[in-house]
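Colleague: The structure file run_16.cif (mmCIF, C-alpha atoms and all ligand atoms) is provided below.
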data_upload
#
loop_
_atom_site.label_atom_id
_atom_site.label_comp_id
_atom_site.auth_asym_id
_atom_site.auth_seq_id
_atom_site.Cartn_x
_atom_site.Cartn_y
_atom_site.Cartn_z
CA MET A 4 54.63 -64.05 56.88
CA PRO A 5 52.32 -63.81 53.84
CA SER A 6 48.57 -64.24 54.33
CA GLU A 7 46.89 -67.62 53.91
CA ARG A 8 45.39 -66.48 50.62
CA THR A 9 48.79 -65.55 49.19
CA ARG A 10 50.26 -68.84 50.36
CA ASP A 11 47.36 -70.77 48.82
CA LEU A 12 47.75 -69.00 45.48
CA LEU A 13 51.49 -69.61 45.41
CA ALA A 14 50.92 -73.26 46.29
CA LEU A 15 48.31 -73.67 43.54
CA SER A 16 50.74 -72.22 41.00
CA ALA A 17 53.62 -74.35 42.23
CA THR A 18 51.42 -77.43 41.84
CA CYS A 19 49.64 -76.72 38.56
CA ASP A 20 51.35 -73.94 36.60
CA ALA A 21 54.18 -75.26 34.44
CA ASP A 22 55.59 -71.76 33.89
CA PHE A 23 55.93 -70.91 37.59
CA ASN A 24 59.21 -70.79 39.44
CA PRO A 25 58.61 -70.80 43.21
CA ALA A 26 62.22 -69.79 43.85
CA ALA A 27 61.78 -66.59 41.85
CA SER A 28 58.14 -65.71 42.57
CA GLU A 29 57.42 -64.70 46.11
CA ILE A 30 54.47 -62.43 45.46
CA VAL A 31 51.12 -62.65 43.71
CA VAL A 32 50.21 -59.55 41.72
CA GLU A 33 46.56 -58.73 42.04
CA ARG A 34 46.02 -55.27 40.63
CA ALA A 35 47.97 -52.60 38.84
CA MET A 36 47.48 -48.97 37.86
CA GLY A 37 49.85 -46.55 36.20
CA ALA A 38 53.38 -47.43 37.25
CA VAL A 39 52.28 -49.34 40.35
CA ILE A 40 51.50 -53.00 40.94
CA VAL A 41 49.65 -54.19 44.04
CA ASP A 42 50.21 -57.64 45.48
CA THR A 43 47.76 -59.84 47.37
CA GLU A 44 49.13 -58.48 50.64
CA GLY A 45 47.93 -55.04 49.54
CA ARG A 46 51.51 -53.85 49.14
CA GLU A 47 51.92 -51.13 46.50
CA LEU A 48 55.11 -51.37 44.49
CA ILE A 49 56.55 -49.05 41.87
CA ASP A 50 57.07 -51.39 38.94
CA LEU A 51 60.56 -51.25 37.44
CA SER A 52 60.17 -54.59 35.68
CA ASP A 53 57.85 -53.73 32.84
CA ILE A 54 58.24 -54.31 29.11
CA ILE A 55 54.58 -54.31 28.15
CA ALA A 56 52.47 -51.72 30.01
CA ASN A 57 53.89 -48.82 28.02
CA VAL A 58 50.92 -46.52 28.68
CA GLY A 59 50.76 -47.65 32.30
CA HIS A 60 48.77 -50.42 33.87
CA CYS A 61 45.03 -50.08 33.24
CA HIS A 62 45.18 -46.60 31.69
CA PRO A 63 41.59 -45.25 32.01
CA ARG A 64 41.37 -44.44 28.27
CA GLN A 65 42.53 -47.92 27.37
CA VAL A 66 40.07 -49.50 29.80
CA GLU A 67 37.21 -47.42 28.40
CA ALA A 68 38.09 -48.21 24.78
CA LEU A 69 38.28 -51.93 25.57
CA GLN A 70 34.99 -51.89 27.48
CA GLN A 71 33.36 -50.27 24.49
CA ALA A 72 34.98 -52.73 22.07
CA LEU A 73 33.85 -55.69 24.16
CA THR A 74 30.25 -54.78 23.49
CA GLN A 75 30.87 -54.76 19.71
CA MET A 76 32.70 -57.95 18.83
CA MET A 77 35.32 -60.10 20.48
CA VAL A 78 36.21 -62.47 17.67
CA GLY A 79 37.79 -61.40 14.41
CA LYS A 80 36.71 -63.40 11.38
CA SER A 81 39.61 -65.03 9.62
CA GLY A 82 39.97 -63.56 6.16
CA LEU A 83 37.68 -60.61 6.97
CA THR A 84 38.72 -57.29 8.32
CA ASN A 85 37.03 -55.17 11.02
CA PRO A 86 37.05 -51.42 11.69
CA PRO A 87 39.81 -51.27 14.36
CA ARG A 88 41.98 -53.61 12.30
CA ALA A 89 41.66 -51.50 9.14
CA GLN A 90 42.34 -48.30 11.08
CA LEU A 91 45.30 -49.80 12.90
CA ALA A 92 46.81 -51.04 9.63
CA GLU A 93 46.75 -47.48 8.29
CA ARG A 94 48.20 -46.03 11.51
CA MET A 95 51.05 -48.56 11.56
CA VAL A 96 51.97 -47.93 7.94
CA ASP A 97 51.84 -44.15 8.55
CA LEU A 98 53.95 -44.28 11.70
CA THR A 99 56.78 -46.40 10.31
CA PRO A 100 59.33 -45.65 7.54
CA ASP A 101 57.65 -45.20 4.17
CA ASN A 102 59.38 -48.19 2.56
CA LEU A 103 57.26 -50.44 4.81
CA SER A 104 54.09 -50.70 2.79
CA LYS A 105 51.92 -53.16 4.68
CA VAL A 106 51.44 -54.73 8.07
CA TYR A 107 50.48 -58.23 9.20
CA PHE A 108 48.95 -58.63 12.66
CA VAL A 109 49.76 -61.63 14.82
CA THR A 110 49.27 -62.50 18.48
CA GLY A 111 52.83 -62.55 19.81
CA GLY A 112 56.30 -61.26 19.02
CA GLY A 113 57.83 -64.67 18.34
CA GLU A 114 55.27 -65.26 15.63
CA ALA A 115 56.19 -61.98 13.89
CA VAL A 116 59.86 -62.99 13.93
CA ASP A 117 59.04 -66.43 12.61
CA TRP A 118 57.13 -64.97 9.68
CA SER A 119 59.85 -62.43 8.96
CA ILE A 120 62.43 -65.09 8.27
CA ARG A 121 60.04 -67.30 6.34
CA ILE A 122 59.12 -64.43 4.06
CA ALA A 123 62.75 -63.32 3.66
CA ARG A 124 63.69 -66.86 2.60
CA ARG A 125 60.82 -67.14 0.13
CA ALA A 126 61.38 -63.71 -1.38
CA THR A 127 65.14 -64.01 -1.77
CA GLY A 128 65.28 -67.71 -2.61
CA LYS A 129 68.18 -67.86 -0.15
CA HIS A 130 68.13 -69.68 3.17
CA GLU A 131 70.71 -68.58 5.73
CA ILE A 132 69.88 -66.10 8.49
CA LEU A 133 72.46 -64.07 10.37
CA SER A 134 71.61 -63.45 13.96
CA PHE A 135 73.52 -62.17 17.00
CA TRP A 136 75.13 -63.45 20.19
CA GLY A 137 72.92 -62.65 23.15
CA GLY A 138 69.90 -62.02 20.92
CA VAL A 139 66.50 -63.27 22.06
CA TYR A 140 63.74 -63.37 19.48
CA GLY A 141 61.13 -65.56 21.17
CA ARG A 142 60.31 -69.16 21.89
CA THR A 143 59.14 -70.93 18.74
CA TYR A 144 61.51 -73.43 17.13
CA ALA A 145 62.63 -70.88 14.58
CA ASN A 146 63.02 -68.28 17.34
CA ILE A 147 65.20 -70.49 19.52
CA SER A 148 67.32 -71.32 16.50
CA LEU A 149 67.98 -67.61 16.07
CA ASN A 150 68.51 -66.96 19.79
CA GLY A 151 72.08 -66.19 20.66
CA LEU A 152 71.90 -67.39 24.26
CA MET A 153 72.57 -71.07 24.73
CA ARG A 154 70.22 -71.25 27.71
CA ARG A 155 67.42 -70.19 25.38
CA ARG A 156 67.87 -73.15 23.03
CA ARG A 157 69.60 -75.88 24.99
CA GLN A 158 68.55 -79.50 24.75
CA PHE A 159 65.61 -79.27 22.40
CA GLY A 160 67.37 -81.32 19.79
CA PRO A 161 68.56 -80.01 16.44
CA VAL A 162 67.50 -76.45 15.77
CA MET A 163 66.61 -74.94 12.40
CA PRO A 164 69.59 -75.21 10.07
CA GLY A 165 71.10 -72.24 8.30
CA VAL A 166 71.51 -69.80 11.20
CA LEU A 167 74.84 -68.02 11.62
CA HIS A 168 75.57 -66.10 14.81
CA ALA A 169 77.72 -62.98 14.93
CA PRO A 170 78.98 -61.02 17.95
CA TYR A 171 76.63 -58.22 19.08
CA PRO A 172 78.37 -54.90 19.85
CA TYR A 173 78.56 -55.34 23.62
CA CYS A 174 81.22 -52.70 23.99
CA TYR A 175 81.63 -53.05 27.76
CA ARG A 176 82.68 -56.64 27.12
CA CYS A 177 83.89 -56.39 23.54
CA PRO A 178 84.48 -59.97 22.35
CA PHE A 179 87.42 -58.70 20.31
CA GLY A 180 88.96 -56.83 23.26
CA LYS A 181 88.75 -53.57 21.31
CA LYS A 182 87.99 -50.02 22.48
CA LEU A 183 85.13 -48.11 20.92
CA GLU A 184 87.27 -45.01 20.37
CA THR A 185 89.61 -46.89 18.05
CA CYS A 186 87.76 -49.99 16.81
CA ASP A 187 86.10 -48.37 13.76
CA PHE A 188 83.33 -50.98 14.06
CA PHE A 189 85.67 -53.93 13.64
CA CYS A 190 82.66 -56.15 14.49
CA ILE A 191 80.97 -55.10 11.25
CA ASP A 192 84.08 -55.83 9.19
CA PHE A 193 84.16 -59.18 10.98
CA LEU A 194 80.82 -60.04 9.38
CA ASP A 195 82.70 -60.37 6.09
CA ALA A 196 84.83 -63.04 7.73
CA ILE A 197 81.69 -64.85 8.85
CA VAL A 198 80.32 -64.72 5.32
CA ASN A 199 83.60 -65.99 3.91
CA HIS A 200 84.18 -68.77 6.42
CA ALA A 201 80.83 -69.89 7.84
CA SER A 202 78.23 -69.16 5.17
CA THR A 203 77.36 -71.13 2.08
CA GLY A 204 77.07 -67.80 0.30
CA ASP A 205 73.35 -67.91 0.70
CA ILE A 206 72.37 -65.39 3.41
CA ALA A 207 68.76 -64.28 3.03
CA ALA A 208 68.46 -61.94 6.00
CA LEU A 209 69.92 -60.66 9.20
CA ILE A 210 67.86 -60.02 12.29
CA ILE A 211 68.90 -57.70 15.09
CA GLU A 212 67.39 -55.95 18.11
CA PRO A 213 68.09 -52.19 18.40
CA TYR A 214 69.05 -53.05 21.97
CA GLN A 215 69.22 -56.49 23.48
CA GLY A 216 66.52 -56.74 26.13
CA VAL A 217 66.63 -60.23 27.56
CA GLY A 218 70.33 -60.40 26.63
CA GLY A 219 71.12 -57.76 29.29
CA LEU A 220 69.99 -54.34 28.06
CA ILE A 221 72.92 -53.99 25.75
CA PHE A 222 72.89 -50.95 23.47
CA PRO A 223 75.01 -50.74 20.33
CA PRO A 224 77.14 -47.62 20.08
CA ASP A 225 75.81 -44.74 17.97
CA GLY A 226 76.53 -45.34 14.32
CA TYR A 227 76.60 -49.13 14.55
CA LEU A 228 73.07 -49.83 13.28
CA PRO A 229 73.22 -47.51 10.24
CA ARG A 230 76.54 -49.09 9.33
CA LEU A 231 75.08 -52.57 9.73
CA GLN A 232 72.12 -51.57 7.57
CA ALA A 233 74.53 -50.36 4.87
CA TRP A 234 76.49 -53.60 5.14
CA ALA A 235 73.28 -55.62 4.69
CA GLU A 236 72.31 -53.55 1.67
CA ALA A 237 75.75 -53.88 0.11
CA ASN A 238 75.57 -57.65 0.55
CA ASP A 239 72.00 -57.99 -0.69
CA ILE A 240 70.78 -59.22 2.68
CA VAL A 241 67.30 -58.39 4.02
CA PHE A 242 67.63 -56.20 7.12
CA ILE A 243 65.10 -57.27 9.79
CA LEU A 244 64.82 -55.08 12.86
CA ASP A 245 63.27 -56.75 15.90
CA GLU A 246 61.64 -53.90 17.82
CA ILE A 247 59.38 -56.16 19.84
CA GLN A 248 60.85 -54.79 23.03
CA SER A 249 62.02 -51.36 21.91
CA SER A 250 58.92 -49.95 20.18
CA PHE A 251 55.95 -47.86 21.27
CA GLY A 252 57.94 -45.26 23.14
CA ARG A 253 60.22 -47.46 25.24
CA THR A 254 63.50 -45.83 24.20
CA GLY A 255 62.13 -42.29 24.03
CA GLN A 256 61.06 -42.52 20.38
CA MET A 257 57.91 -44.18 19.10
CA PHE A 258 60.25 -46.69 17.43
CA ALA A 259 63.93 -47.04 18.33
CA LEU A 260 64.77 -46.91 14.62
CA GLU A 261 63.98 -43.18 14.73
CA TRP A 262 67.14 -42.46 16.75
CA GLU A 263 69.26 -43.06 13.64
CA ASN A 264 66.66 -42.93 10.87
CA LEU A 265 66.96 -46.60 10.06
CA ARG A 266 64.97 -48.03 7.18
CA PRO A 267 64.75 -51.77 7.79
CA ASP A 268 63.31 -53.98 5.06
CA MET A 269 61.20 -55.66 7.73
CA LEU A 270 60.17 -54.53 11.17
CA CYS A 271 58.81 -56.70 14.01
CA VAL A 272 56.89 -54.99 16.81
CA GLY A 273 54.89 -56.22 19.79
CA LYS A 274 54.72 -56.18 23.59
CA GLY A 275 53.96 -52.50 24.43
CA MET A 276 51.91 -52.30 21.25
CA GLY A 277 48.83 -53.69 23.02
CA SER A 278 49.90 -52.61 26.52
CA GLY A 279 48.55 -55.84 28.01
CA ILE A 280 46.34 -57.16 25.22
CA SER A 281 48.32 -59.57 23.06
CA ILE A 282 49.17 -58.18 19.67
CA ALA A 283 52.32 -58.04 17.57
CA ALA A 284 52.96 -57.15 13.96
CA LEU A 285 55.29 -57.50 11.04
CA LEU A 286 55.81 -54.67 8.56
CA ALA A 287 57.67 -55.17 5.31
CA GLU A 288 58.32 -53.80 1.85
CA ASP A 289 56.06 -54.66 -1.10
CA TRP A 290 58.48 -57.02 -2.84
CA LEU A 291 58.62 -59.15 0.31
CA TRP A 292 54.84 -59.40 0.66
CA ASP A 293 54.60 -60.12 -3.05
CA ALA A 294 56.53 -63.36 -2.55
CA LEU A 295 53.52 -64.87 -0.78
CA ASP A 296 50.51 -66.42 -2.41
CA PRO A 297 47.08 -65.09 -1.43
CA GLY A 298 45.87 -66.76 1.77
CA GLU A 299 49.30 -67.82 2.99
CA LEU A 300 49.19 -65.40 5.91
CA GLY A 301 46.23 -65.50 8.30
CA GLY A 302 45.76 -67.04 11.72
CA GLY A 303 43.03 -67.61 14.28
CA ASN A 304 43.39 -64.47 16.36
CA GLY A 305 45.65 -62.09 14.43
CA GLY A 306 43.86 -58.79 13.79
CA ASN A 307 41.40 -59.52 16.56
CA PRO A 308 39.22 -56.40 17.09
CA LEU A 309 39.93 -56.14 20.82
CA ALA A 310 43.69 -56.31 20.32
CA CYS A 311 43.54 -53.80 17.45
CA THR A 312 41.40 -51.45 19.56
CA SER A 313 43.97 -51.69 22.30
CA ALA A 314 46.86 -50.89 19.97
CA LEU A 315 44.94 -47.94 18.47
CA VAL A 316 44.23 -46.40 21.85
CA VAL A 317 47.84 -47.04 22.95
CA ILE A 318 49.07 -45.01 19.98
CA ASP A 319 46.54 -42.26 20.77
CA ILE A 320 47.58 -42.12 24.41
CA LEU A 321 51.30 -42.08 23.59
CA GLN A 322 50.76 -39.23 21.14
CA ASP A 323 48.10 -37.14 22.92
CA GLU A 324 49.66 -37.33 26.36
CA GLY A 325 53.26 -36.67 25.28
CA ILE A 326 54.41 -39.96 26.78
CA VAL A 327 57.29 -40.44 24.37
CA GLU A 328 58.76 -37.04 25.34
CA HIS A 329 58.06 -37.81 29.01
CA THR A 330 59.96 -41.11 28.60
CA ARG A 331 62.97 -39.20 27.27
CA ALA A 332 62.88 -36.72 30.17
CA ILE A 333 62.47 -39.26 32.98
CA GLY A 334 64.96 -41.57 31.29
CA ALA A 335 67.55 -38.76 31.15
CA TYR A 336 66.95 -37.97 34.82
CA LEU A 337 67.40 -41.61 35.88
CA LEU A 338 70.43 -42.13 33.65
CA GLU A 339 72.11 -39.13 35.25
CA ARG A 340 71.32 -40.44 38.74
CA PHE A 341 72.75 -43.85 37.83
CA ARG A 342 75.87 -42.32 36.24
CA LYS A 343 76.50 -40.42 39.47
CA LEU A 344 76.14 -43.69 41.35
CA GLN A 345 78.62 -45.29 38.98
CA ALA A 346 81.14 -42.52 39.67
CA GLN A 347 80.68 -43.08 43.39
CA TYR A 348 80.81 -46.89 43.26
CA SER A 349 83.11 -47.39 40.29
CA ALA A 350 84.60 -50.52 41.86
CA ILE A 351 81.34 -52.42 41.48
CA ILE A 352 79.21 -50.61 38.90
CA GLY A 353 81.01 -51.55 35.72
CA ASP A 354 78.59 -50.00 33.26
CA VAL A 355 75.49 -47.82 33.19
CA ARG A 356 73.59 -47.64 29.93
CA GLY A 357 70.27 -47.18 28.25
CA LYS A 358 67.90 -44.95 26.36
CA GLY A 359 64.50 -43.69 27.43
CA LEU A 360 63.10 -46.03 30.06
CA ALA A 361 65.21 -49.05 29.19
CA LEU A 362 68.12 -48.59 31.59
CA ALA A 363 70.64 -50.88 33.22
CA LEU A 364 73.37 -50.94 35.82
CA GLU A 365 75.87 -53.76 35.37
CA PHE A 366 77.44 -54.91 38.65
CA VAL A 367 80.88 -56.52 38.80
CA ARG A 368 83.07 -57.75 41.63
CA ASP A 369 86.07 -56.00 40.19
CA PRO A 370 86.36 -53.40 37.42
CA GLU A 371 89.34 -55.16 35.89
CA SER A 372 88.15 -58.76 35.84
CA LYS A 373 84.51 -57.66 35.27
CA GLU A 374 83.39 -60.77 37.07
CA PRO A 375 79.60 -60.56 37.43
CA TYR A 376 78.27 -59.69 40.89
CA PRO A 377 74.69 -61.00 41.05
CA GLU A 378 74.45 -61.12 44.87
CA ILE A 379 74.38 -57.35 45.15
CA VAL A 380 71.53 -57.06 42.64
CA ARG A 381 69.62 -59.69 44.60
CA HIS A 382 70.20 -57.76 47.79
CA ILE A 383 69.07 -54.44 46.30
CA SER A 384 66.00 -56.09 44.74
CA ARG A 385 64.90 -57.68 48.04
CA ALA A 386 65.48 -54.56 50.10
CA SER A 387 63.75 -52.34 47.49
CA TYR A 388 60.71 -54.59 47.60
CA GLU A 389 60.41 -53.95 51.33
CA ARG A 390 60.38 -50.23 50.53
CA GLY A 391 57.79 -50.40 47.75
CA VAL A 392 59.93 -50.72 44.62
CA TYR A 393 59.73 -53.85 42.48
CA ILE A 394 62.90 -54.75 40.58
CA GLY A 395 62.41 -57.87 38.51
CA SER A 396 66.09 -58.32 37.62
CA ARG A 397 67.95 -61.52 38.15
CA GLY A 398 71.61 -61.96 37.48
CA HIS A 399 74.18 -59.15 37.74
CA ILE A 400 72.39 -56.56 35.63
CA LEU A 401 69.89 -54.40 37.42
CA ASP A 402 67.42 -53.25 34.82
CA VAL A 403 65.08 -50.36 35.24
CA ARG A 404 62.13 -50.49 32.90
CA PRO A 405 59.05 -48.90 34.43
CA PRO A 406 55.79 -48.30 32.58
CA LEU A 407 56.45 -45.14 30.59
CA VAL A 408 53.97 -43.09 32.62
CA ILE A 409 56.08 -43.26 35.78
CA SER A 410 55.99 -39.82 37.42
CA GLN A 411 59.02 -37.73 38.31
CA GLU A 412 58.25 -38.32 42.02
CA GLN A 413 58.02 -42.08 41.56
CA ALA A 414 61.24 -42.15 39.52
CA GLN A 415 63.00 -40.07 42.15
CA TYR A 416 61.75 -42.30 44.97
CA ALA A 417 62.83 -45.46 43.11
CA ALA A 418 66.30 -44.02 42.42
CA ASP A 419 66.60 -42.93 46.08
CA VAL A 420 65.74 -46.45 47.23
CA ILE A 421 68.24 -48.07 44.84
CA GLU A 422 70.90 -45.60 45.95
CA SER A 423 70.36 -46.08 49.68
CA GLU A 424 70.09 -49.87 49.45
CA LEU A 425 73.26 -49.99 47.42
CA ALA A 426 75.02 -47.86 50.07
CA GLU A 427 73.68 -50.18 52.75
CA ALA A 428 74.89 -53.29 50.90
CA VAL A 429 78.33 -51.81 50.32
CA SER A 430 78.78 -50.74 53.94
CA ALA A 431 77.61 -54.15 55.17
CA GLY A 432 80.38 -55.58 52.96
C1 LIG B 501 63.41 -58.68 21.17
C2 LIG B 501 62.34 -59.73 21.32
N1 LIG B 501 61.84 -60.32 20.22
C3 LIG B 501 60.87 -61.25 20.31
C4 LIG B 501 60.36 -61.64 21.52
C5 LIG B 501 59.24 -62.65 21.60
O1 LIG B 501 58.05 -62.00 21.87
P1 LIG B 501 56.81 -62.77 22.52
O2 LIG B 501 57.19 -63.11 23.93
O3 LIG B 501 55.68 -61.79 22.44
O4 LIG B 501 56.59 -63.98 21.66
C6 LIG B 501 60.89 -61.08 22.69
C7 LIG B 501 60.39 -61.51 24.01
O5 LIG B 501 60.90 -61.15 25.05
C8 LIG B 501 61.89 -60.08 22.59
O6 LIG B 501 62.40 -59.49 23.68
#
Can the structure from this file be put into structure tokens for me?
Modeller:
Amino acid sequence: MPSERTRDLLALSATCDADFNPAASEIVVERAMGAVIVDTEGRELIDLSDIIANVGHCHPRQVEALQQALTQMMVGKSGLTNPPRAQLAERMVDLTPDNLSKVYFVTGGGEAVDWSIRIARRATGKHEILSFWGGVYGRTYANISLNGLMRRRRQFGPVMPGVLHAPYPYCYRCPFGKKLETCDFFCIDFLDAIVNHASTGDIAALIIEPYQGVGGLIFPPDGYLPRLQAWAEANDIVFILDEIQSSFGRTGQMFALEWENLRPDMLCVGKGMGSGISIAALLAEDWLWDALDPGELGGGNGGNPLACTSALVVIDILQDEGIVEHTRAIGAYLLERFRKLQAQYSAIIGDVRGKGLALALEFVRDPESKEPYPEIVRHISRASYERGVYIGSRGHILDVRPPLVISQEQAQYAADVIESELAEAVSAG
């Protein structure tokens, strides 16, 4: 039985917080450090549900930099720069492919996506946007129009016109029933059919995630993204890469685009960028920025000095402390553990996938029908919580996305717990 305080806090949220789901939120998180969150019962939990605290919760260097920044200035002046903002702009342009000449800071990922399509439309004079099934790009009206999950756009009335949706390369459930070994990226050739049949011949841009996060941690096969980039170039379509969830070390590279040396025309980043302090950004080539009139960008809190300080120190920590390499090593260890589990429980683990510390196990009732098996994920999540591991997953995909500073011991413990709770669930039938 939770304490009175916990019950009171949950009741307050249920009564007053519109974005609170009592059925899904049984704990109140009070503190966090490194890869651990602590609830109001004092229970310490290894956090496998993160997509933001890339350098770990409350990293001491980040805390110190923010404390220092707080004494300087909290409000950025619209139209004026400030030292962390200027320095961060340079760092972002240096860190990303050299065709991306400038950066625009905003407060959230959805805003960056919104701007990317507006600018692509203005610069090209074309209006259609190609997006992908299962894609999730945020919550603004433009974002939900792009989203490729019906539940992310249902019943808000007409969405933005001019969006075409194409199948994402979800090879475990290929919508064309093809096999990767022989398909020769049929799904990219299929884009020509979409252009010929669904478009008005006026596609300004395509937007794609290097892996689909909210959509179920779905990773395209190697070679897909470079081929898509080439297709976009051949068709004179602006290539927008949405790295809001995949950047700042998450996949074991600073940016996921580094895995295959992609050179998007526009790049959206966010989430782990501020590691808890809201900041996101859009990078683009000169000709795209040039389509805007002076003063058309801007915004109340974009380029805020606190947020820029946070992003600067996040980059420093990732680089100085070898966290990107660490992410690759721990990710490889966990992936191997999960692949062994898949071999052992091949009847119910249909797919294991991921890069760096964005990993997933997809549970099915039957390997042939691939019918989703959410109950087992629920069972493992509940039982893991009792043993100090927090798995945020709902549905039939168990995702493992800890803060990138998770230690080898913590990763091993979390994998041991998942393994033993899975064994328990299977033997209990
Ligand atoms: C790939 C991707 N793009 C954009 C967004 C929207 O970002 P934000 O929630 O910061 O608006 C999300 C949010 O989950 C995302 O996963």
Colleague: Need the neighbours of (61.4, -67.1, 9.4): which residues are at most 12 Å away, counting all atoms listed in the file, as a ChimeraX atom specification?
Modeller: /A:113-126,129-134,140-141,143-149,163-166,207-210,241,243,269,271,285
Colleague: Using only C-alpha atoms and all ligand atoms, find each residue of chain A with at least one atom at most 10 Å away from an atom of ligand LIG 501 (chain B); report its shortest atom-to-atom pair and that distance in Å (one decimal), sort the rows by chain and rising residue number, and return the result as a Markdown table.
Modeller:
| residue | atom | partner | partner_atom | distance |
| --- | --- | --- | --- | --- |
| A:Ile54 | CA | B:LIG501 | O5 | 8.4 |
| A:Ile55 | CA | B:LIG501 | O3 | 9.5 |
| A:Val109 | CA | B:LIG501 | O3 | 9.7 |
| A:Thr110 | CA | B:LIG501 | O3 | 7.6 |
| A:Gly111 | CA | B:LIG501 | O3 | 4.0 |
| A:Gly112 | CA | B:LIG501 | O1 | 3.4 |
| A:Gly113 | CA | B:LIG501 | O4 | 3.6 |
| A:Glu114 | CA | B:LIG501 | O4 | 6.3 |
| A:Ala115 | CA | B:LIG501 | C3 | 8.0 |
| A:Val116 | CA | B:LIG501 | C3 | 6.7 |
| A:Asp117 | CA | B:LIG501 | C3 | 9.5 |
| A:Gly138 | CA | B:LIG501 | C1 | 7.3 |
| A:Val139 | CA | B:LIG501 | C2 | 5.5 |
| A:Tyr140 | CA | B:LIG501 | C3 | 3.7 |
| A:Gly141 | CA | B:LIG501 | C5 | 3.5 |
| A:Arg142 | CA | B:LIG501 | O4 | 6.4 |
| A:Thr143 | CA | B:LIG501 | O4 | 8.0 |
| A:Asn146 | CA | B:LIG501 | C3 | 7.9 |
| A:Asn150 | CA | B:LIG501 | N1 | 9.4 |
| A:Ile210 | CA | B:LIG501 | N1 | 10.0 |
| A:Ile211 | CA | B:LIG501 | C1 | 8.3 |
| A:Glu212 | CA | B:LIG501 | C1 | 5.7 |
| A:Pro213 | CA | B:LIG501 | C1 | 8.5 |
| A:Tyr214 | CA | B:LIG501 | C1 | 8.0 |
| A:Gln215 | CA | B:LIG501 | C1 | 6.6 |
| A:Gly216 | CA | B:LIG501 | O6 | 5.5 |
| A:Val217 | CA | B:LIG501 | O6 | 5.8 |
| A:Gly218 | CA | B:LIG501 | O6 | 8.5 |
| A:Leu244 | CA | B:LIG501 | C1 | 9.2 |
| A:Asp245 | CA | B:LIG501 | C1 | 5.6 |
| A:Glu246 | CA | B:LIG501 | C1 | 6.1 |
| A:Ile247 | CA | B:LIG501 | N1 | 4.8 |
| A:Gln248 | CA | B:LIG501 | O6 | 5.0 |
| A:Ser249 | CA | B:LIG501 | C1 | 7.5 |
| A:Ser250 | CA | B:LIG501 | C1 | 9.9 |
| A:Cys271 | CA | B:LIG501 | N1 | 7.8 |
| A:Val272 | CA | B:LIG501 | N1 | 8.0 |
| A:Gly273 | CA | B:LIG501 | O3 | 6.2 |
| A:Lys274 | CA | B:LIG501 | O3 | 5.8 |
| A:Gly275 | CA | B:LIG501 | O3 | 9.7 |
| A:Ser281 | CA | B:LIG501 | O3 | 7.7 |
| A:Ile282 | CA | B:LIG501 | O3 | 7.9 |
| A:Ala283 | CA | B:LIG501 | O3 | 7.0 |
Colleague: Could I get the residues of range 76-141 of chain A with an atom no further than 9 Å from an atom of range 306-321 of chain A, each paired with its nearest atom pair and that distance in Å to one decimal, using only C-alpha atoms, sorted by chain and residue number, as a Markdown table?
Modeller:
| residue | atom | partner | partner_atom | distance |
| --- | --- | --- | --- | --- |
| A:Met76 | CA | A:Pro308 | CA | 6.9 |
| A:Met77 | CA | A:Leu309 | CA | 6.1 |
| A:Val78 | CA | A:Asn307 | CA | 6.1 |
| A:Gly79 | CA | A:Asn307 | CA | 4.6 |
| A:Lys80 | CA | A:Asn307 | CA | 8.0 |
| A:Ser81 | CA | A:Gly306 | CA | 8.6 |
| A:Thr84 | CA | A:Gly306 | CA | 7.7 |
| A:Asn85 | CA | A:Pro308 | CA | 6.6 |
| A:Pro86 | CA | A:Pro308 | CA | 7.7 |
| A:Pro87 | CA | A:Thr312 | CA | 5.4 |
| A:Arg88 | CA | A:Cys311 | CA | 5.4 |
| A:Ala89 | CA | A:Cys311 | CA | 8.8 |
| A:Gln90 | CA | A:Leu315 | CA | 7.8 |
| A:Leu91 | CA | A:Leu315 | CA | 5.9 |
| A:Ala92 | CA | A:Cys311 | CA | 8.9 |
| A:Arg94 | CA | A:Leu315 | CA | 7.9 |
| A:Tyr107 | CA | A:Gly306 | CA | 8.1 |
| A:Phe108 | CA | A:Gly306 | CA | 5.2 |
| A:Val109 | CA | A:Gly306 | CA | 6.6 |
| A:Thr110 | CA | A:Gly306 | CA | 8.1 |
Colleague: For Ala361 in chain A, which residue out of A:Leu231, A:Leu51, A:Val31, A:Ala56 is the nearest one, using all atoms listed in the file?
Modeller: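 Residue with the minimum atom-to-atom distance to Ala361 in chain A: A:Leu51.
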Colleague: Env of Pro375 in chain A: 8 Å cut, atoms = all atoms listed in the file, seq-sep filter 3 positions within chain, self excluded. Answer as a ChimeraX atom specification.
Modeller: /A:366-368,399
Colleague: Can you report as AutoDock Vina command-line options the centre and edge lengths in Å, to one decimal, of an axis-aligned box around the listed atoms of range 203-216 of chain A padded with 3 Å on each side?
Modeller:
--center_x 71.9 --center_y -61.7 --center_z 13.2 --size_x 16.8 --size_y 24.9 --size_z 31.8
Colleague: What is the distance between CA of Val392 in chain A and CA of His60 in chain A, in Å to one decimal?
Modeller: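 Computed distance, CA of Val392 in chain A to CA of His60 in chain A, equals 15.5 Å.
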Colleague: Quick one: distance from CA of Asp289 in chain A to CA of Glu236 in chain A in Å, one decimal?
Modeller: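 About the pair CA of Asp289 in chain A and CA of Glu236 in chain A: they are 16.5 Å apart.
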Colleague: Which residue out of A:Leu270, A:Ala428, A:Leu194, A:Tyr175 has the minimum interatomic distance to Glu371 in chain A when only C-alpha atoms are used?
Modeller: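 Using only C-alpha atoms, Glu371 in chain A sits closest to A:Tyr175.
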